file upload_22.cif (mmCIF, N, CA and C atoms)
data_query
#
loop_
_atom_site.label_atom_id
_atom_site.label_comp_id
_atom_site.auth_asym_id
_atom_site.auth_seq_id
_atom_site.Cartn_x
_atom_site.Cartn_y
_atom_site.Cartn_z
N GLN G 246 238.19 165.69 203.66
CA GLN G 246 239.64 165.62 203.77
C GLN G 246 240.00 164.38 204.59
N VAL G 247 241.27 163.99 204.48
CA VAL G 247 241.75 162.83 205.20
C VAL G 247 241.76 163.12 206.70
N GLN G 248 241.17 162.20 207.45
CA GLN G 248 241.21 162.30 208.91
C GLN G 248 241.57 160.95 209.50
N LEU G 249 242.46 160.99 210.47
CA LEU G 249 242.85 159.80 211.22
C LEU G 249 242.71 160.14 212.69
N VAL G 250 241.94 159.35 213.41
CA VAL G 250 241.68 159.63 214.82
C VAL G 250 242.06 158.42 215.66
N GLU G 251 243.14 158.58 216.42
CA GLU G 251 243.61 157.50 217.28
C GLU G 251 242.93 157.56 218.64
N SER G 252 242.79 156.39 219.27
CA SER G 252 242.22 156.32 220.62
C SER G 252 242.70 155.05 221.29
N GLY G 253 242.48 154.97 222.60
CA GLY G 253 242.78 153.76 223.33
C GLY G 253 244.01 153.81 224.21
N GLY G 254 244.74 154.91 224.18
CA GLY G 254 245.93 155.02 225.00
C GLY G 254 245.61 155.08 226.48
N GLY G 255 246.65 154.99 227.31
CA GLY G 255 246.45 155.06 228.74
C GLY G 255 247.72 154.84 229.51
N LEU G 256 247.55 154.75 230.82
CA LEU G 256 248.65 154.52 231.74
C LEU G 256 248.54 153.10 232.26
N LEU G 257 249.62 152.33 232.15
CA LEU G 257 249.57 150.97 232.64
C LEU G 257 250.94 150.52 233.11
N GLN G 258 250.96 149.40 233.79
CA GLN G 258 252.19 148.87 234.37
C GLN G 258 252.91 147.99 233.37
N PRO G 259 254.20 147.82 233.55
CA PRO G 259 254.95 146.90 232.69
C PRO G 259 254.31 145.52 232.68
N GLY G 260 254.31 144.92 231.50
CA GLY G 260 253.69 143.61 231.32
C GLY G 260 252.25 143.67 230.90
N GLY G 261 251.67 144.85 230.93
CA GLY G 261 250.26 144.99 230.57
C GLY G 261 250.02 144.97 229.08
N SER G 262 248.74 144.99 228.74
CA SER G 262 248.33 144.95 227.34
C SER G 262 247.37 146.09 227.05
N LEU G 263 247.32 146.48 225.78
CA LEU G 263 246.47 147.60 225.39
C LEU G 263 246.16 147.46 223.91
N ARG G 264 244.96 147.90 223.52
CA ARG G 264 244.62 147.93 222.10
C ARG G 264 244.31 149.37 221.68
N LEU G 265 245.05 149.84 220.71
CA LEU G 265 244.81 151.16 220.14
C LEU G 265 243.97 151.02 218.87
N SER G 266 243.17 152.04 218.61
CA SER G 266 242.36 152.10 217.40
C SER G 266 242.65 153.37 216.62
N CYS G 267 242.42 153.31 215.35
CA CYS G 267 242.56 154.48 214.48
C CYS G 267 241.40 154.46 213.49
N GLU G 268 240.52 155.43 213.62
CA GLU G 268 239.39 155.53 212.70
C GLU G 268 239.75 156.47 211.56
N ALA G 269 239.56 155.99 210.35
CA ALA G 269 239.96 156.73 209.16
C ALA G 269 238.74 157.22 208.39
N SER G 270 238.89 158.37 207.77
CA SER G 270 237.84 158.91 206.92
C SER G 270 238.45 159.83 205.88
N GLY G 271 237.68 160.11 204.84
CA GLY G 271 238.13 161.05 203.82
C GLY G 271 238.93 160.43 202.69
N PHE G 272 239.10 159.11 202.73
CA PHE G 272 239.78 158.41 201.65
C PHE G 272 239.30 156.95 201.67
N THR G 273 239.63 156.24 200.62
CA THR G 273 239.19 154.84 200.52
C THR G 273 240.15 153.97 201.31
N PHE G 274 239.83 153.80 202.57
CA PHE G 274 240.71 153.14 203.54
C PHE G 274 241.17 151.78 203.04
N SER G 275 240.27 151.02 202.44
CA SER G 275 240.59 149.64 202.04
C SER G 275 241.59 149.56 200.90
N HIS G 276 241.96 150.69 200.32
CA HIS G 276 242.89 150.68 199.20
C HIS G 276 244.33 150.95 199.62
N PHE G 277 244.56 151.30 200.89
CA PHE G 277 245.87 151.79 201.27
C PHE G 277 246.54 150.99 202.37
N TYR G 278 247.84 150.86 202.22
CA TYR G 278 248.71 150.33 203.27
C TYR G 278 248.67 151.32 204.43
N MET G 279 248.62 150.80 205.65
CA MET G 279 248.56 151.65 206.84
C MET G 279 249.71 151.31 207.79
N ASN G 280 250.14 152.31 208.52
CA ASN G 280 251.26 152.15 209.45
C ASN G 280 250.89 152.66 210.84
N TRP G 281 251.60 152.13 211.82
CA TRP G 281 251.64 152.73 213.14
C TRP G 281 253.06 153.25 213.35
N VAL G 282 253.14 154.46 213.89
CA VAL G 282 254.43 155.04 214.27
C VAL G 282 254.28 155.57 215.68
N ARG G 283 255.40 155.85 216.33
CA ARG G 283 255.34 156.39 217.70
C ARG G 283 256.45 157.39 217.91
N GLN G 284 256.26 158.24 218.89
CA GLN G 284 257.27 159.22 219.25
C GLN G 284 257.41 159.25 220.76
N ALA G 285 258.56 158.80 221.22
CA ALA G 285 258.87 158.82 222.64
C ALA G 285 259.33 160.22 223.04
N PRO G 286 259.24 160.55 224.33
CA PRO G 286 259.65 161.89 224.77
C PRO G 286 261.07 162.22 224.36
N GLY G 287 261.25 163.33 223.68
CA GLY G 287 262.57 163.78 223.29
C GLY G 287 263.19 163.06 222.12
N LYS G 288 262.42 162.20 221.47
CA LYS G 288 262.97 161.42 220.35
C LYS G 288 262.15 161.66 219.07
N GLY G 289 262.67 161.18 217.96
CA GLY G 289 261.99 161.31 216.69
C GLY G 289 260.94 160.24 216.48
N LEU G 290 260.27 160.32 215.35
CA LEU G 290 259.27 159.32 215.02
C LEU G 290 259.92 157.97 214.75
N GLU G 291 259.32 156.92 215.28
CA GLU G 291 259.79 155.56 215.07
C GLU G 291 258.68 154.74 214.43
N TRP G 292 258.99 154.09 213.33
CA TRP G 292 258.01 153.21 212.70
C TRP G 292 257.83 151.97 213.56
N VAL G 293 256.58 151.60 213.82
CA VAL G 293 256.27 150.44 214.64
C VAL G 293 255.93 149.23 213.77
N GLY G 294 255.13 149.47 212.74
CA GLY G 294 254.75 148.38 211.86
C GLY G 294 253.72 148.83 210.85
N GLY G 295 253.39 147.94 209.91
CA GLY G 295 252.43 148.28 208.89
C GLY G 295 251.64 147.07 208.44
N ILE G 296 250.56 147.34 207.71
CA ILE G 296 249.68 146.29 207.24
C ILE G 296 249.20 146.64 205.84
N ASN G 297 249.11 145.64 204.99
CA ASN G 297 248.71 145.94 203.62
C ASN G 297 247.20 146.17 203.54
N SER G 298 246.74 146.50 202.35
CA SER G 298 245.38 147.02 202.21
C SER G 298 244.29 146.03 202.62
N ASP G 299 244.51 144.74 202.36
CA ASP G 299 243.46 143.78 202.73
C ASP G 299 243.73 143.07 204.05
N GLY G 300 244.82 143.48 204.72
CA GLY G 300 245.11 142.93 206.04
C GLY G 300 245.83 141.59 206.03
N GLU G 301 246.23 141.14 204.85
CA GLU G 301 246.83 139.81 204.77
C GLU G 301 248.29 139.80 205.23
N TYR G 302 248.99 140.92 205.03
CA TYR G 302 250.42 140.95 205.34
C TYR G 302 250.72 142.07 206.32
N THR G 303 251.58 141.76 207.28
CA THR G 303 252.03 142.75 208.24
C THR G 303 253.55 142.72 208.34
N ARG G 304 254.12 143.84 208.75
CA ARG G 304 255.55 143.95 209.01
C ARG G 304 255.72 144.73 210.30
N TYR G 305 256.78 144.40 211.03
CA TYR G 305 257.00 145.03 212.32
C TYR G 305 258.45 145.44 212.49
N ALA G 306 258.64 146.51 213.27
CA ALA G 306 259.98 146.85 213.72
C ALA G 306 260.45 145.79 214.70
N ASP G 307 261.75 145.67 214.83
CA ASP G 307 262.29 144.67 215.76
C ASP G 307 261.76 144.88 217.18
N SER G 308 261.56 146.14 217.55
CA SER G 308 261.11 146.44 218.91
C SER G 308 259.67 145.97 219.17
N ALA G 309 258.92 145.76 218.09
CA ALA G 309 257.51 145.37 218.22
C ALA G 309 257.28 143.88 217.93
N LEU G 310 258.22 143.29 217.25
CA LEU G 310 258.04 141.91 216.80
C LEU G 310 257.81 140.96 217.98
N GLY G 311 256.74 140.17 217.86
CA GLY G 311 256.42 139.20 218.90
C GLY G 311 255.58 139.74 220.03
N ARG G 312 255.45 141.07 220.11
CA ARG G 312 254.64 141.66 221.19
C ARG G 312 253.45 142.46 220.66
N PHE G 313 253.59 143.03 219.49
CA PHE G 313 252.54 143.87 218.92
C PHE G 313 251.91 143.18 217.72
N THR G 314 250.61 143.40 217.53
CA THR G 314 249.90 142.86 216.38
C THR G 314 249.06 143.97 215.74
N ILE G 315 249.24 144.15 214.46
CA ILE G 315 248.47 145.14 213.71
C ILE G 315 247.38 144.42 212.94
N SER G 316 246.20 144.97 212.98
CA SER G 316 245.08 144.43 212.21
C SER G 316 244.22 145.58 211.71
N ARG G 317 243.27 145.24 210.86
CA ARG G 317 242.37 146.26 210.34
C ARG G 317 241.02 145.66 210.03
N ASP G 318 240.01 146.53 210.11
CA ASP G 318 238.66 146.14 209.73
C ASP G 318 238.22 147.12 208.65
N ASN G 319 238.29 146.69 207.41
CA ASN G 319 237.96 147.60 206.31
C ASN G 319 236.47 147.93 206.24
N THR G 320 235.64 147.12 206.89
CA THR G 320 234.20 147.44 206.92
C THR G 320 233.93 148.60 207.89
N LYS G 321 234.85 148.82 208.81
CA LYS G 321 234.70 149.90 209.79
C LYS G 321 235.71 151.02 209.58
N ASN G 322 236.52 150.91 208.53
CA ASN G 322 237.57 151.91 208.27
C ASN G 322 238.43 152.14 209.52
N THR G 323 238.81 151.05 210.15
CA THR G 323 239.54 151.16 211.41
C THR G 323 240.78 150.28 211.41
N LEU G 324 241.84 150.85 211.92
CA LEU G 324 243.13 150.19 212.09
C LEU G 324 243.35 149.95 213.58
N TYR G 325 243.98 148.83 213.90
CA TYR G 325 244.21 148.48 215.30
C TYR G 325 245.68 148.18 215.55
N LEU G 326 246.08 148.41 216.80
CA LEU G 326 247.40 147.99 217.27
C LEU G 326 247.19 147.35 218.63
N HIS G 327 247.38 146.03 218.68
CA HIS G 327 247.26 145.30 219.93
C HIS G 327 248.66 145.10 220.49
N MET G 328 248.88 145.62 221.68
CA MET G 328 250.21 145.59 222.29
C MET G 328 250.16 144.73 223.55
N THR G 329 251.11 143.85 223.69
CA THR G 329 251.21 143.00 224.87
C THR G 329 252.60 143.12 225.48
N ASN G 330 252.74 142.63 226.71
CA ASN G 330 254.03 142.66 227.41
C ASN G 330 254.70 144.03 227.29
N LEU G 331 253.93 145.05 227.59
CA LEU G 331 254.44 146.42 227.42
C LEU G 331 255.58 146.71 228.38
N LYS G 332 256.53 147.53 227.90
CA LYS G 332 257.71 147.89 228.65
C LYS G 332 257.77 149.40 228.81
N PRO G 333 258.50 149.89 229.80
CA PRO G 333 258.62 151.35 229.96
C PRO G 333 259.11 152.04 228.69
N GLU G 334 259.96 151.37 227.93
CA GLU G 334 260.48 151.98 226.70
C GLU G 334 259.44 152.07 225.59
N ASP G 335 258.26 151.49 225.81
CA ASP G 335 257.15 151.65 224.86
C ASP G 335 256.38 152.94 225.11
N THR G 336 256.73 153.66 226.15
CA THR G 336 256.07 154.93 226.44
C THR G 336 256.29 155.90 225.28
N ALA G 337 255.18 156.39 224.72
CA ALA G 337 255.26 157.26 223.55
C ALA G 337 253.85 157.72 223.17
N VAL G 338 253.82 158.67 222.27
CA VAL G 338 252.57 159.00 221.58
C VAL G 338 252.50 158.14 220.33
N TYR G 339 251.42 157.43 220.17
CA TYR G 339 251.25 156.51 219.04
C TYR G 339 250.33 157.14 218.00
N TYR G 340 250.76 157.05 216.75
CA TYR G 340 250.01 157.62 215.64
C TYR G 340 249.76 156.55 214.58
N CYS G 341 248.62 156.60 213.93
CA CYS G 341 248.48 155.85 212.70
C CYS G 341 248.88 156.78 211.57
N LYS G 342 249.41 156.19 210.52
CA LYS G 342 249.96 156.99 209.43
C LYS G 342 249.58 156.37 208.09
N ALA G 343 249.18 157.22 207.19
CA ALA G 343 248.85 156.78 205.84
C ALA G 343 249.61 157.64 204.84
N ASP G 344 250.13 157.00 203.82
CA ASP G 344 250.78 157.70 202.72
C ASP G 344 249.84 157.62 201.52
N ILE G 345 249.26 158.75 201.18
CA ILE G 345 248.22 158.76 200.15
C ILE G 345 248.66 159.69 199.03
N TRP G 346 248.88 159.10 197.88
CA TRP G 346 249.28 159.86 196.70
C TRP G 346 250.44 160.81 197.00
N GLY G 347 251.47 160.26 197.69
CA GLY G 347 252.69 161.01 197.93
C GLY G 347 252.68 161.94 199.13
N LYS G 348 251.59 161.97 199.86
CA LYS G 348 251.52 162.83 201.04
C LYS G 348 251.27 161.96 202.27
N ALA G 349 251.99 162.29 203.33
CA ALA G 349 251.86 161.53 204.58
C ALA G 349 250.84 162.20 205.49
N TYR G 350 249.98 161.37 206.06
CA TYR G 350 248.97 161.85 207.01
C TYR G 350 249.09 161.06 208.30
N ARG G 351 248.88 161.75 209.42
CA ARG G 351 248.74 161.06 210.69
C ARG G 351 247.79 161.85 211.57
N GLY G 352 247.27 161.19 212.57
CA GLY G 352 246.30 161.83 213.44
C GLY G 352 246.96 162.60 214.56
N GLN G 353 246.18 162.88 215.59
CA GLN G 353 246.69 163.67 216.71
C GLN G 353 247.44 162.82 217.71
N GLY G 354 247.29 161.50 217.56
CA GLY G 354 248.02 160.58 218.42
C GLY G 354 247.29 160.24 219.70
N THR G 355 247.72 159.15 220.33
CA THR G 355 247.20 158.75 221.63
C THR G 355 248.38 158.36 222.51
N GLN G 356 248.37 158.85 223.74
CA GLN G 356 249.50 158.66 224.65
C GLN G 356 249.43 157.30 225.33
N VAL G 357 250.53 156.59 225.28
CA VAL G 357 250.69 155.35 226.03
C VAL G 357 251.84 155.54 227.01
N THR G 358 251.57 155.34 228.28
CA THR G 358 252.59 155.47 229.31
C THR G 358 252.67 154.16 230.09
N VAL G 359 253.88 153.61 230.11
CA VAL G 359 254.12 152.35 230.82
C VAL G 359 255.06 152.65 231.98
N SER G 360 254.55 152.49 233.19
CA SER G 360 255.32 152.86 234.36
C SER G 360 254.93 151.98 235.54
N PRO G 361 255.94 151.57 236.35
CA PRO G 361 255.63 150.73 237.52
C PRO G 361 254.68 151.42 238.48
#
call {"tool": "encode", "arguments": {"input": "upload_22.cif", "output": "structure tokens"}}
result
Amino acid sequence: QVQLVESGGGLLQPGGSLRLSCEASGFTFSHFYMNWVRQAPGKGLEWVGGINSDGEYTRYADSALGRFTISRDNTKNTLYLHMTNLKPEDTAVYYCKADIWGKAYRGQGTQVTVSP
């Protein structure tokens, strides 16, 4: 079955950097567009950005543009989110998300907390 396992979250100060990973299994990872989404406390899911199947094209939400970079390694079935210049408003649970044959999948998430 489809499994997505996020890791790499943590507690850090404003201005810091962090790299999140998402290991995928149970489907042909290299065939699918992948997304990162996040959920801040008390708020709904927010799309952060996405990357096409071969990693050539990326798109970002305005809140992530210029600070976050999405990449993937199809040989390792792994998706990455490199975040820089983190702000307190980036505090959220971060999920990788895949839409596979009309069904949305995401993992258990990894917590990122940005606090002075």
call {"tool": "atom_distance", "arguments": {"input": "upload_22.cif", "atom1": "atom C of Gln258 (chain G)", "atom2": "atom C of Asp318 (chain G)"}}
result
28.8 Å
call {"tool": "residues_around", "arguments": {"input": "upload_22.cif", "residues": "region 334-344 of chain G", "least_positions_apart": "5", "cutoff": "6 Å", "atoms": "only N, CA and C atoms", "output": "list in words"}}
result
Tyr278, Met279, Asn280, Trp281, Val282, Arg283, Gln284, Ala285, Pro286, Ala349, Tyr350, Arg351, Gly352, Gly354, Thr355, Gln356, Val357, Thr358 and Val359 of chain G
call {"tool": "resolve_selection", "arguments": {"input": "upload_22.cif", "expression": "the PyMOL selection byres ((chain G and resi 315) around 7)", "output": "PyMOL selection string"}}
result
chain G and resi 295-296+303+313-314+316-317+324-327
call {"tool": "resolve_selection", "arguments": {"input": "upload_22.cif", "expression": "the PyMOL selection byres (((chain G and resi 267 and name CA) around 8) and name CA)", "output": "PyMOL selection string"}}
result
chain G and resi 249-252+265-266+268-269+323-325+341
call {"tool": "resolve_selection", "arguments": {"input": "upload_22.cif", "expression": "the PyMOL selection byres (((chain G and resi 276 and name CA) around 9) and name CA)", "output": "list in words"}}
result
Phe272, Thr273, Phe274, Ser275, Phe277, Tyr278, Asn297, Ser298 and Asp299 of chain G
call {"tool": "residues_around", "arguments": {"input": "upload_22.cif", "residues": "Gly260 (chain G)", "least_positions_apart": "2", "cutoff": "5 Å", "atoms": "only N, CA and C atoms", "output": "list in words"}}
result
Gln258, Ser262, Asn330, Leu331 and Lys332 of chain G
call {"tool": "write_last_selection", "arguments": {"input": "upload_22.cif", "atoms": "N, CA and C atoms", "output": "tab-separated table (two decimals), keeping the file's coordinate frame"}}
result
chain	number	residue	atom	x	y	z
G	258	GLN	N	250.96	149.40	233.79
G	258	GLN	CA	252.19	148.87	234.37
G	258	GLN	C	252.91	147.99	233.37
G	262	SER	N	248.74	144.99	228.74
G	262	SER	CA	248.33	144.95	227.34
G	262	SER	C	247.37	146.09	227.05
G	330	ASN	N	252.74	142.63	226.71
G	330	ASN	CA	254.03	142.66	227.41
G	330	ASN	C	254.70	144.03	227.29
G	331	LEU	N	253.93	145.05	227.59
G	331	LEU	CA	254.44	146.42	227.42
G	331	LEU	C	255.58	146.71	228.38
G	332	LYS	N	256.53	147.53	227.90
G	332	LYS	CA	257.71	147.89	228.65
G	332	LYS	C	257.77	149.40	228.81
call {"tool": "closest_residue", "arguments": {"input": "upload_22.cif", "among": "G:Thr329, G:Glu301, G:Gly289, G:Gly347", "to": "Leu257 (chain G)", "atoms": "only C-alpha atoms"}}
result
G:Thr329
call {"tool": "closest_residue", "arguments": {"input": "upload_22.cif", "among": "G:Asp307, G:Leu256, G:Val247, G:Trp346", "to": "Ser360 (chain G)", "atoms": "only N, CA and C atoms"}}
result
G:Leu256
call {"tool": "atom_distance", "arguments": {"input": "upload_22.cif", "atom1": "atom N of Asn319 (chain G)", "atom2": "atom N of Gly255 (chain G)"}}
result
23.1 Å
call {"tool": "atom_distance", "arguments": {"input": "upload_22.cif", "atom1": "CA of Leu263 (chain G)", "atom2": "CA of Asn322 (chain G)"}}
result
19.8 Å
call {"tool": "select_by_dssp", "arguments": {"input": "upload_22.cif", "residues": "region 266-302 of chain G", "states": "strand (DSSP E)", "output": "list in words"}}
result
Ser266, Cys267, Glu268, Ala269, Ser270, Met279, Asn280, Trp281, Val282, Arg283, Gln284, Leu290, Glu291, Trp292, Val293, Gly294, Gly295 and Ile296 of chain G
call {"tool": "closest_residue", "arguments": {"input": "upload_22.cif", "among": "G:Tyr305, G:Gly287, G:Trp292, G:Met328", "to": "Gly261 (chain G)", "atoms": "all atoms listed in the file"}}
result
G:Met328
call {"tool": "select_by_dssp", "arguments": {"input": "upload_22.cif", "residues": "region 273-339 of chain G", "states": "helix (DSSP H, G or I)", "output": "PyMOL selection string"}}
result
chain G and resi 274-276+333-335
call {"tool": "axis_aligned_box", "arguments": {"input": "upload_22.cif", "around": "region 328-341 of chain G", "padding_each_side": "4 Å", "output": "JSON"}}
result
{"center_x": 254.5, "center_y": 150.8, "center_z": 220.8, "size_x": 20.0, "size_y": 24.4, "size_z": 26.4}
